[in-house]
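Data first, discussion second: the structure below is written as structure tokens.
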Amino acid sequence: MDNKKLAILIHPVNRELLYLYEPGMRAKSISIVKKVLEWMSPFKASDIEGIKSQHNGKEVKGELIMCPLLTEQMVSLNPRKIFFKVKRAAKFAENRGINLLGLVAYTALIGERGSRLKEYLNIPITTGHHLTIATLPEAVLRALREAHYNLEEMVFLIFGLNPLSFFLISKLGNSAKKIYIYSRNKEKLEEMKGLLPLRVKKKVESIGSRFKYILKWVNFIAITTNRIPSGFNLEYLRKGTIILDASYPRRIVSLRKDVLVIDGVAMRPPGKPQFNFNFGLPEGLCFPCMAEPLTLFLEDRFENYSLGKDFSLEKAEEIFRLSLRHGFQIEALTDREYLIPRERILEFKESIRRKEKSFFFLKRWLDLKK
């Protein structure tokens, strides 16, 4: 009998989620709440149930383990204190007989993205980084389809030069019309372009401070870095712009109805999944970073799959292919770790329709004037 189990280490990403499962904290000041969380020990939040592979029939045995720190604490507290809290939660999971540990949200960034944490554990861990990146081109394509955009007509602007930006370009660049990259490292940019096919390489152009002058022309922007230039202003964007915000914590908040911000997708595991805990998504859905350890478990691969800053194009493609083979499905677009409501998508599409209608009447008026 297979008694292997996995655990996924979570933490409250915002105060509202914290108040949902600790209602009494709502009445206390945030300073007291934060201090209580610093003192709290890790605990088992719930059992993961109902996930069953469509490929081999294997079922997941797993738990959600809570590391009680808000994202704002993960960012502001002394790094040694944060590492101690995450390590304590990881050891708690290990002592419960876990055979594979998934680190998600901000716990995946602690201790050099898990590589330093690994020194204290005798079980494999994964941050879910490869599957998260692998699903981002799918998120972009879904957003384009929702807006009835044609990829061949899209002008991209990408902030950041890293494995994620390279992956987006390699997956979408063959069809995109033009790709601008904002990066101060020209040598690194040329090195990256050297890895691209000639057809894609011709579309890629470096752009420095001049990016402010093309904001009215691009219709897709990817934020793949936490260092966003000060001149970036959402008010300068053209109507109908789609933004992929892959910074962490998320940097982009738009109040404009005619600008759509996404940060990825939610996935539905195979079977009748129940996580029995509210981490921000409807019951039965999970984030790609959670789907990666679940996929590895169904594959009987108990290994350090995503660890540290290293990124492998082959690994990203492999884990995405394996997740689909087991029956994971991309369910919906997300923004700031929540599903984007259907009403918000329709509101965005209506703003595009009004723009196109105005353009049609303007063009007709100009034609009549000739």
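Just so we're on the same page: first chain in the structure tokens is A, next is B, and so on; residues restart at 1 for each chain, and ligands are numbered from 1 in the order they show up.
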Run DSSP on the backbone and grab whatever in stretch 53-297 of chain A lands in helix (DSSP H, G or I); send it over as a PyMOL selection string. chain A and resi 71-76+79-95+105-108+110-113+117-120+129-146+151-153+163-172+186-193+198-201+209-213+234-236+288-297
Shell of 10 Å around A:Phe92, only C-alpha atoms, local chain residues under 3 positions omitted, as a ChimeraX atom specification: /A:41-44,65-67,86-89,95-98
Serialized selection, N, CA and C atoms, as a PDB file, in the first residue's frame:
```pdb
ATOM      1  N   SER A  41       2.304  29.126  15.967  1.00  0.00           N
ATOM      2  CA  SER A  41       3.025  27.983  15.410  1.00  0.00           C
ATOM      3  C   SER A  41       2.351  27.545  14.113  1.00  0.00           C
ATOM      4  N   PRO A  42       3.086  26.862  13.242  1.00  0.00           N
ATOM      5  CA  PRO A  42       2.458  26.326  12.026  1.00  0.00           C
ATOM      6  C   PRO A  42       1.431  25.267  12.398  1.00  0.00           C
ATOM      7  N   PHE A  43       0.462  25.061  11.515  1.00  0.00           N
ATOM      8  CA  PHE A  43      -0.559  24.053  11.803  1.00  0.00           C
ATOM      9  C   PHE A  43      -1.129  23.492  10.501  1.00  0.00           C
ATOM     10  N   LYS A  44      -1.738  22.331  10.614  1.00  0.00           N
ATOM     11  CA  LYS A  44      -2.404  21.735   9.459  1.00  0.00           C
ATOM     12  C   LYS A  44      -3.708  22.493   9.219  1.00  0.00           C
ATOM     13  N   ILE A  65      -0.543  23.059   4.793  1.00  0.00           N
ATOM     14  CA  ILE A  65       0.099  23.442   6.047  1.00  0.00           C
ATOM     15  C   ILE A  65       0.224  24.963   6.083  1.00  0.00           C
ATOM     16  N   MET A  66      -0.221  25.547   7.186  1.00  0.00           N
ATOM     17  CA  MET A  66      -0.240  26.999   7.294  1.00  0.00           C
ATOM     18  C   MET A  66       1.023  27.543   7.952  1.00  0.00           C
ATOM     19  N   CYS A  67       1.663  28.471   7.261  1.00  0.00           N
ATOM     20  CA  CYS A  67       2.738  29.274   7.839  1.00  0.00           C
ATOM     21  C   CYS A  67       2.119  30.632   8.162  1.00  0.00           C
ATOM     22  N   VAL A  86       9.306  30.081   8.095  1.00  0.00           N
ATOM     23  CA  VAL A  86       9.073  29.170   6.976  1.00  0.00           C
ATOM     24  C   VAL A  86       9.758  27.831   7.237  1.00  0.00           C
ATOM     25  N   LYS A  87      10.972  27.873   7.756  1.00  0.00           N
ATOM     26  CA  LYS A  87      11.690  26.626   8.068  1.00  0.00           C
ATOM     27  C   LYS A  87      10.933  25.821   9.117  1.00  0.00           C
ATOM     28  N   ARG A  88      10.388  26.513  10.112  1.00  0.00           N
ATOM     29  CA  ARG A  88       9.632  25.828  11.161  1.00  0.00           C
ATOM     30  C   ARG A  88       8.396  25.145  10.584  1.00  0.00           C
ATOM     31  N   ALA A  89       7.718  25.823   9.663  1.00  0.00           N
ATOM     32  CA  ALA A  89       6.531  25.232   9.035  1.00  0.00           C
ATOM     33  C   ALA A  89       6.916  24.042   8.156  1.00  0.00           C
ATOM     34  N   ASN A  95       7.815  16.423   9.736  1.00  0.00           N
ATOM     35  CA  ASN A  95       7.575  15.580  10.908  1.00  0.00           C
ATOM     36  C   ASN A  95       6.212  14.891  10.868  1.00  0.00           C
ATOM     37  N   ARG A  96       5.346  15.338   9.976  1.00  0.00           N
ATOM     38  CA  ARG A  96       4.043  14.692   9.804  1.00  0.00           C
ATOM     39  C   ARG A  96       4.101  13.552   8.779  1.00  0.00           C
ATOM     40  N   GLY A  97       5.315  13.227   8.336  1.00  0.00           N
ATOM     41  CA  GLY A  97       5.479  12.106   7.424  1.00  0.00           C
ATOM     42  C   GLY A  97       5.289  12.460   5.962  1.00  0.00           C
ATOM     43  N   ILE A  98       5.503  13.733   5.643  1.00  0.00           N
ATOM     44  CA  ILE A  98       5.333  14.188   4.262  1.00  0.00           C
ATOM     45  C   ILE A  98       6.509  13.712   3.396  1.00  0.00           C
TER      46      ILE A  98
END
```
Option closest in space to A:Leu346, from A:Ala7, A:Met40, A:Ala27, A:Ala143 [counting only C-alpha atoms]: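 Between A:Ala7, A:Met40, A:Ala27, A:Ala143, the residue approaching A:Leu346 most closely is A:Ala143.
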Mind checking which residues fall within 12 Å of A:Lys315, counting only C-alpha atoms, ignoring those fewer than 6 positions away in the same chain, and posting them as a PyMOL selection string? chain A and resi 128-134+167+292+296+304-307+321-322
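Taking only C-alpha atoms into account, A:Met74 lies nearest to A:Leu37 out of the set A:Leu37, A:Leu195, A:Leu189, A:Leu255.
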Selection near A:Asp2, 12 Å with only C-alpha atoms, sequence-local residues under 4 positions removed, as a ChimeraX atom specification: /A:58-61,99,297-298,300
Export of prior selection with C-alpha atoms as a PDB file, in the first residue's frame:
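Everything below was put into result10.pdb:
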```pdb
ATOM      1  CA  LYS A  58      -3.605   7.529  -8.770  1.00  0.00           C
ATOM      2  CA  GLU A  59      -5.152   9.636  -5.996  1.00  0.00           C
ATOM      3  CA  VAL A  60      -3.500  12.466  -4.111  1.00  0.00           C
ATOM      4  CA  LYS A  61      -2.966  12.186  -0.379  1.00  0.00           C
ATOM      5  CA  ASN A  99       7.265  12.878   1.236  1.00  0.00           C
ATOM      6  CA  PHE A 297       2.912  13.342  -6.800  1.00  0.00           C
ATOM      7  CA  LEU A 298       0.678  11.756  -9.450  1.00  0.00           C
ATOM      8  CA  ASP A 300       5.533   9.359  -8.456  1.00  0.00           C
TER       9      ASP A 300
END
```
A:Trp217 surroundings by only C-alpha atoms, 12 Å radius, close-in-sequence under 5 positions cut, as a ChimeraX atom specification: /A:153-157,177-180,211-212,236-241
With C-alpha atoms retained, could you export that selection as a PDB file, in the first residue's frame?
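Okay, this is what ended up in again-v7.pdb:
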```
ATOM      1  CA  GLU A 153      -1.623  42.302 -34.720  1.00  0.00           C
ATOM      2  CA  MET A 154      -0.274  42.592 -31.162  1.00  0.00           C
ATOM      3  CA  VAL A 155       2.560  44.966 -30.242  1.00  0.00           C
ATOM      4  CA  PHE A 156       4.262  43.797 -27.031  1.00  0.00           C
ATOM      5  CA  LEU A 157       6.167  45.809 -24.431  1.00  0.00           C
ATOM      6  CA  LYS A 177       3.707  41.773 -34.711  1.00  0.00           C
ATOM      7  CA  LYS A 178       6.427  43.582 -32.715  1.00  0.00           C
ATOM      8  CA  ILE A 179       8.171  43.117 -29.336  1.00  0.00           C
ATOM      9  CA  TYR A 180       9.806  45.951 -27.394  1.00  0.00           C
ATOM     10  CA  PHE A 211       9.114  53.496 -23.776  1.00  0.00           C
ATOM     11  CA  LYS A 212       6.901  56.376 -22.586  1.00  0.00           C
ATOM     12  CA  TYR A 236      -0.733  56.891 -20.803  1.00  0.00           C
ATOM     13  CA  LEU A 237      -1.947  53.479 -22.004  1.00  0.00           C
ATOM     14  CA  ARG A 238      -4.171  53.069 -25.019  1.00  0.00           C
ATOM     15  CA  LYS A 239      -7.710  51.823 -24.522  1.00  0.00           C
ATOM     16  CA  GLY A 240      -7.935  48.039 -24.612  1.00  0.00           C
ATOM     17  CA  THR A 241      -4.437  47.382 -23.266  1.00  0.00           C
TER      18      THR A 241
END
```
Which of these, A:Ile82, A:Leu100, A:Leu64, A:Ala93, has the shortest distance to A:Arg301 once you count only C-alpha atoms?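 The closest residue to A:Arg301 is A:Leu100.
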Please list as a ChimeraX atom specification every residue within 10 Å of A:Arg268, counting only C-alpha atoms and excluding residues in the same chain fewer than 5 positions away. /A:51,273,283-288,291,327-332
Tell me, counting only C-alpha atoms, for each residue of stretch 97-210 of chain A within 12 Å of stretch 335-343 of chain A, which pair of atoms is nearest and how far apart they are in Å to one decimal, in rows ordered by chain and increasing number, as a Markdown table.
```
| residue | atom | partner | partner_atom | distance |
| --- | --- | --- | --- | --- |
| A:Val104 | CA | A:Glu337 | CA | 11.7 |
| A:Ala105 | CA | A:Glu337 | CA | 9.4 |
| A:Ala139 | CA | A:Asp335 | CA | 10.8 |
| A:Ala143 | CA | A:Ile340 | CA | 10.8 |
| A:Glu146 | CA | A:Arg342 | CA | 10.4 |
```
Measuring atom to atom with only C-alpha atoms, identify which of A:Leu196, A:Leu234, A:Ile158, A:Ile243 is nearest to A:Arg256. A:Leu234
For A:Ile8, please output as a PyMOL selection string all residues within 8 Å (counting only C-alpha atoms; exclusion window: fewer than 4 positions along the same chain). chain A and resi 62-65+101-104+290+293
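Between A:Asn122 and the candidates A:Phe220, A:Arg145, A:Ser323, A:Lys91, the tightest atom-to-atom separation, counting only C-alpha atoms, involves A:Lys91.
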Enumerate as a ChimeraX atom specification all residues of stretch 111-350 of chain A assigned to strand (DSSP E or B) by DSSP on the backbone, naming them with the chain letters and numbers the document uses. /A:125-126,155-159,178-182,204-206,220-223,241-245,259-262,264-268,271-274,286,329-335,338-339
Please write the residues from the selection above to a file, keeping C-alpha atoms, as a CSV table (one decimal), in the first residue's frame.
```csv
chain,number,residue,atom,x,y,z
A,125,ILE,CA,10.7,20.4,-2.2
A,126,THR,CA,9.4,22.4,-5.2
A,155,VAL,CA,2.6,45.0,-30.2
A,156,PHE,CA,4.3,43.8,-27.0
A,157,LEU,CA,6.2,45.8,-24.4
A,158,ILE,CA,8.0,43.7,-21.9
A,159,PHE,CA,9.6,45.1,-18.8
A,178,LYS,CA,6.4,43.6,-32.7
A,179,ILE,CA,8.2,43.1,-29.3
A,180,TYR,CA,9.8,46.0,-27.4
A,181,ILE,CA,11.9,45.1,-24.4
A,182,TYR,CA,12.8,47.6,-21.7
A,204,VAL,CA,12.6,42.2,-30.9
A,205,GLU,CA,13.8,45.8,-30.2
A,206,SER,CA,15.4,47.2,-27.1
A,220,PHE,CA,0.0,44.1,-24.5
A,221,ILE,CA,2.4,44.8,-21.6
A,222,ALA,CA,4.2,42.2,-19.5
A,223,ILE,CA,5.7,43.1,-16.2
A,241,THR,CA,-4.4,47.4,-23.3
A,242,ILE,CA,-3.9,44.0,-21.5
A,243,ILE,CA,-1.2,43.9,-18.8
A,244,LEU,CA,0.4,40.7,-17.5
A,245,ASP,CA,1.6,41.5,-14.0
A,259,VAL,CA,-7.4,48.3,-19.2
A,260,LEU,CA,-7.3,44.6,-18.2
A,261,VAL,CA,-4.7,43.4,-15.7
A,262,ILE,CA,-4.0,39.6,-15.3
A,264,GLY,CA,-2.0,34.2,-14.5
A,265,VAL,CA,-4.6,31.4,-14.5
A,266,ALA,CA,-6.4,29.1,-12.0
A,267,MET,CA,-6.3,25.4,-12.7
A,268,ARG,CA,-8.8,22.6,-11.9
A,271,GLY,CA,-11.3,14.2,-10.2
A,272,LYS,CA,-13.5,15.9,-7.6
A,273,PRO,CA,-10.9,18.2,-6.0
A,274,GLN,CA,-11.5,19.6,-2.5
A,286,CYS,CA,-5.8,25.9,-7.4
A,329,GLN,CA,-7.3,22.1,-16.9
A,330,ILE,CA,-6.9,25.8,-17.2
A,331,GLU,CA,-10.0,27.2,-15.7
A,332,ALA,CA,-10.0,31.0,-15.7
A,333,LEU,CA,-7.9,34.2,-15.6
A,334,THR,CA,-6.7,35.6,-12.3
A,335,ASP,CA,-5.6,39.0,-11.0
A,338,TYR,CA,-8.3,36.1,-7.4
A,339,LEU,CA,-10.5,34.9,-10.3
```
In terms of the shortest atom-to-atom distance over only C-alpha atoms, which of A:Leu18, A:Leu9, A:Val36, A:Ala147 is closest to A:Ala90?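 So, comparing all the options, the nearest one is A:Leu9.
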